[in-house]
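J.: Okay, handing you the structure first.
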Amino acid sequence: MSESDSSPKIQTTIETGDEASRDAPLDARDTVIETRDLNVYYGDEQALDGVSMEIFEHDVTALIGPSGCGKSTFLRCINRMNDMIEVCRVEGDVEFGGKNVYDDDVDPVALRRKIGIVFQKPNPFPKSIRDNVAYGLKIQGYEGDVDERVEESLKAAALWDEVKDQLDSSGLDLSGGQQQRLCIARAIAPDPEVILMDEPTSALDPVAASKIEDLIDDLAEEYTVIIVTHNMQQAARISDRTAVFLTGGRLVEYDDTTKIFEDPEEQRVEDYITGKFG
Amino acid sequence: MSNESDSGVGSLQRSGFVVRKERLYGRLIAASAGLTILVTVGIILALSGRALSFWSQISPIAFFTGTNWSPVIANSYGVLPLISGTLIVTIFSALIALPIGLAAAIYLSEYASDTARSILKPALEILAGVPTVIYGYMALVYVTPLIDGFLPISVQLVPAGVPILPEFTLVMPSLGTFNALSASVVVGIMIIPMVSSISEDALSAVPDSLRQGGYGLGSTKFDVSTRIVVPSATSGIVASYVLAISRAIGETMAVTMAMGMSPQMPYFPNVLRNLAESSQTITAAMVQIAGADSYGSGPTYEAMFALGMTLFAITLIMNVLAELVRRRFREEY
């Protein structure tokens, strides 16, 4: 499945040029995020256990694994969304552009402006479609033409054609799939470097989900995408690299997606992927 | 119950007792709801009979456009000075209570730790439970002297020699013993808990996913509170504002004590003078009539009902406006 889906993608990306890094050998790719010995605890409970991984620029990196394996925790550590959880404690490094984001002098607000996030359940603000997309621009004091950037973002999120005549109506009036694309437009409007996605299609019907999947593919041309999914077919279809987390918050295997799905090193990973447990 | 397994049909049978019991409960509940409507209708009828009788003696035009309220001495029934007194207290108390109440609500809902909240919420409720007569003498004995210490103040807004505009100095004179300012201050404090408590419920009801969305876009806590949570809770906040303002309009004891009984038209352009002087609200005028010798008969007595109708109409209009605003801003998440 992954084979047949990934080949046309490679063809379409050849023309864009800046995609070259995606298919280059590992050591030639730029690392955007690197974690070292990342341990995360919720109170006494350990959610992540010594996770070390590198995430490469313009890759779509999928995080898969059974419920409670720590994949969402890992995702939320990257832009420090876990700060809001009082009992959450993080040890180890998460380097973004060579800087540990957990250093004392890092402002999580500034960090989140560079690393956007899309959540499982679409959560548009109860504002107009335009104001939803413009929100990030406004709080960041964007100096360019806001309306132009709103249009670009909605186009990039493949929503423009559906909403261009109703920009002033509420974002809550859209369907679930449209709402999620609105949330993606909102996340990309301030032009972050990385977009985190926490099971972005699990609350959507299959048609809406497949639109989001197509969109993720396009987004990877400009952004680095890290996506948590419980849907292994989805990971196989859309990702370049896949990280498999299994129980206990351990990263068991992390490699090119084709390798993970066709010839994983670990028996446990193979068992998980073929549905023997999970 | 015990034979449920061997006679399944029996357990499906309708029990006449249960049906009658359910019907009885339904009627009791409906009666309770009906009682509130009955009381409201009763109040309107009781007010309107006497009020109409009053307006048949004193023309409504004279009543609603008259600028002199002096029922006993001059037999003059112009309600405008009383409406002015009520509006002054309402507006200035709202200026105090609406921002402070909302800020308190934001603090409680978004910023306060669990410990701080567990102390502050009951404290605010105590503030709401203080009898209004106590607010009245607090105004007389403490607030007036305290504020008067800073007065008088005069600010030259338009200096002499500016073309077109006349020279204008805004003057806040020293306070009289009875004055509208201290009455407004204590009424404002009185209605803060109403704003903060209802607004806080509305803010807390905003789903956390919206806050997460805001933080994910690089919002500070202040951004999330003011640009996402507050706008999302607009309908509840407006509801709290309306209740608080209605309460300020209807407030009687504190304003009667603190503001005195001298009906006064607004001074233009220096309205601040109204704050420094005694004035009278609609409610205070009603108290005065109810306590007067003329109680029980005559136009002065019936004027009380006309004032009651006026007050009722003002609060009704407020509530209808608020409902319209609330519907306009209502959001389903």
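In the structure tokens, chains take the letters A, B, ... in the order shown, each chain's residues start at 1, and ligands count up from 1 in the order shown.
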Which residues come within 12 Å of segment 263-267 of chain A, counting only C-alpha atoms, excluding same-chain residues fewer than 6 positions away, as a ChimeraX atom specification?
T.: /A:242-246,251-257,273-274,276-277
J.: Write a file of the just-selected residues containing N, CA and C atoms, as a PDB file, in the first residue's frame.
T.:
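Saved to result15.pdb:
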ATOM      1  N   THR A 242       8.578   6.996   9.954  1.00  0.00           N
ATOM      2  CA  THR A 242       7.614   6.549  10.954  1.00  0.00           C
ATOM      3  C   THR A 242       8.333   6.150  12.230  1.00  0.00           C
ATOM      4  N   ALA A 243       7.790   6.641  13.334  1.00  0.00           N
ATOM      5  CA  ALA A 243       8.317   6.251  14.643  1.00  0.00           C
ATOM      6  C   ALA A 243       7.262   5.408  15.334  1.00  0.00           C
ATOM      7  N   VAL A 244       7.667   4.246  15.827  1.00  0.00           N
ATOM      8  CA  VAL A 244       6.715   3.364  16.496  1.00  0.00           C
ATOM      9  C   VAL A 244       6.979   3.410  17.994  1.00  0.00           C
ATOM     10  N   PHE A 245       5.985   3.842  18.726  1.00  0.00           N
ATOM     11  CA  PHE A 245       6.049   3.843  20.187  1.00  0.00           C
ATOM     12  C   PHE A 245       5.244   2.657  20.664  1.00  0.00           C
ATOM     13  N   LEU A 246       5.784   1.916  21.613  1.00  0.00           N
ATOM     14  CA  LEU A 246       4.975   0.839  22.184  1.00  0.00           C
ATOM     15  C   LEU A 246       4.826   1.132  23.676  1.00  0.00           C
ATOM     16  N   LEU A 251      10.368   4.537  22.486  1.00  0.00           N
ATOM     17  CA  LEU A 251      10.450   4.556  21.034  1.00  0.00           C
ATOM     18  C   LEU A 251      11.120   3.248  20.625  1.00  0.00           C
ATOM     19  N   VAL A 252      10.355   2.385  19.950  1.00  0.00           N
ATOM     20  CA  VAL A 252      10.881   1.059  19.660  1.00  0.00           C
ATOM     21  C   VAL A 252      11.618   1.040  18.331  1.00  0.00           C
ATOM     22  N   GLU A 253      11.055   1.689  17.348  1.00  0.00           N
ATOM     23  CA  GLU A 253      11.737   1.692  16.055  1.00  0.00           C
ATOM     24  C   GLU A 253      11.389   2.961  15.305  1.00  0.00           C
ATOM     25  N   TYR A 254      12.386   3.517  14.627  1.00  0.00           N
ATOM     26  CA  TYR A 254      12.177   4.766  13.900  1.00  0.00           C
ATOM     27  C   TYR A 254      12.993   4.688  12.626  1.00  0.00           C
ATOM     28  N   ASP A 255      12.302   4.734  11.496  1.00  0.00           N
ATOM     29  CA  ASP A 255      13.019   4.557  10.229  1.00  0.00           C
ATOM     30  C   ASP A 255      12.160   5.105   9.090  1.00  0.00           C
ATOM     31  N   ASP A 256      12.664   4.940   7.858  1.00  0.00           N
ATOM     32  CA  ASP A 256      11.837   5.321   6.712  1.00  0.00           C
ATOM     33  C   ASP A 256      10.553   4.509   6.757  1.00  0.00           C
ATOM     34  N   THR A 257       9.463   5.136   6.332  1.00  0.00           N
ATOM     35  CA  THR A 257       8.158   4.498   6.444  1.00  0.00           C
ATOM     36  C   THR A 257       8.104   3.161   5.691  1.00  0.00           C
ATOM     37  N   ILE A 273       2.150  -3.806  13.649  1.00  0.00           N
ATOM     38  CA  ILE A 273       1.705  -3.323  12.342  1.00  0.00           C
ATOM     39  C   ILE A 273       0.771  -4.313  11.666  1.00  0.00           C
ATOM     40  N   THR A 274       1.035  -5.582  11.852  1.00  0.00           N
ATOM     41  CA  THR A 274       0.166  -6.573  11.215  1.00  0.00           C
ATOM     42  C   THR A 274      -1.067  -6.844  12.059  1.00  0.00           C
ATOM     43  N   LYS A 276      -1.292  -7.932  15.238  1.00  0.00           N
ATOM     44  CA  LYS A 276      -1.302  -9.027  16.199  1.00  0.00           C
ATOM     45  C   LYS A 276      -1.531  -8.515  17.610  1.00  0.00           C
ATOM     46  N   PHE A 277      -1.182  -7.257  17.871  1.00  0.00           N
ATOM     47  CA  PHE A 277      -1.603  -6.654  19.133  1.00  0.00           C
ATOM     48  C   PHE A 277      -1.712  -5.148  18.941  1.00  0.00           C
TER      49      PHE A 277
END
J.: Compile the contact shell of segment 58-73 of chain A as number ranges by chain: residues with an atom at most 8 Å away, counting only C-alpha atoms, same-chain residues fewer than 6 positions apart removed.
T.: A: 19, 21-22, 40, 47-48, 82, 198, 216-217, 220-232, 235, 238-250, 272, 278
J.: Please report as a list in words which residues of chain B come no farther than 9 Å from chain A, using only C-alpha atoms.
T.: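 That gives Ser209, Leu210, Gln212, Gly213, Gly214, Tyr215, Gly216, Leu217, Gly218, Ser219, Thr220, Asp223, Arg227, Ile228, Pro231, Ser232, Glu331, Glu332 and Tyr333 of chain B for chain B.
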J.: Would you list the contacts of Ile96 of chain B as a CSV table (one decimal) with C-alpha atoms, in the first residue's frame, taking every protein, DNA or RNA residue within 9 Å and counting only C-alpha atoms, but skipping same-chain residues closer than 5 positions in sequence?
T.:
chain,number,residue,atom,x,y,z
B,91,ILE,CA,-24.3,54.8,34.7
B,101,GLY,CA,-16.5,42.6,37.9
B,184,SER,CA,-22.7,55.4,42.8
B,185,VAL,CA,-19.5,54.0,44.3
B,188,GLY,CA,-21.0,49.8,42.0
B,189,ILE,CA,-19.3,47.8,44.8
B,192,ILE,CA,-19.6,43.7,41.4
J.: Excluding same-chain residues fewer than 2 positions from Phe96 of chain A, what lies within 10 Å of it counting only C-alpha atoms, as a list in words?
T.: Thr31, Val32, Ile33, Glu34, Thr35, Ile55, Ile78, Asn79, Asp93, Val94, Gly98, Lys99, Asn100, Val101, Leu111, Lys114, Ile115 and Val194 of chain A
J.: Okay, now the selection with C-alpha atoms, as a short mmCIF file (atom, residue, chain, number, x, y, z; two decimals), in the first residue's frame?
T.:
data_model
loop_
_atom_site.label_atom_id
_atom_site.label_comp_id
_atom_site.auth_asym_id
_atom_site.auth_seq_id
_atom_site.Cartn_x
_atom_site.Cartn_y
_atom_site.Cartn_z
CA THR A 31 17.68 18.06 11.28
CA VAL A 32 14.95 20.37 12.56
CA ILE A 33 14.19 18.75 15.87
CA GLU A 34 16.28 16.42 17.89
CA THR A 35 15.37 14.89 21.22
CA ILE A 55 13.22 14.83 12.79
CA ILE A 78 7.96 19.66 21.14
CA ASN A 79 6.13 22.98 21.46
CA ASP A 93 16.60 17.77 25.68
CA VAL A 94 14.30 18.78 22.87
CA GLY A 98 20.06 23.61 17.88
CA LYS A 99 18.48 25.17 20.97
CA ASN A 100 17.00 23.17 23.84
CA VAL A 101 13.43 24.40 24.08
CA LEU A 111 8.39 28.74 20.48
CA LYS A 114 7.44 28.68 15.19
CA ILE A 115 5.88 25.30 15.88
CA VAL A 194 6.97 22.95 11.97
#
J.: Hey, which of B:Asn319, B:Pro266, B:Val195, B:Phe312 ends up closest to Ser93 of chain B? Count only C-alpha atoms.
T.: B:Val195
J.: Could you pull out the residues in segment 156-230 of chain B that DSSP calls alpha helix (DSSP H) from the backbone, as a PyMOL selection string?
T.: chain B and resi 180-204+208-216+221-223+230
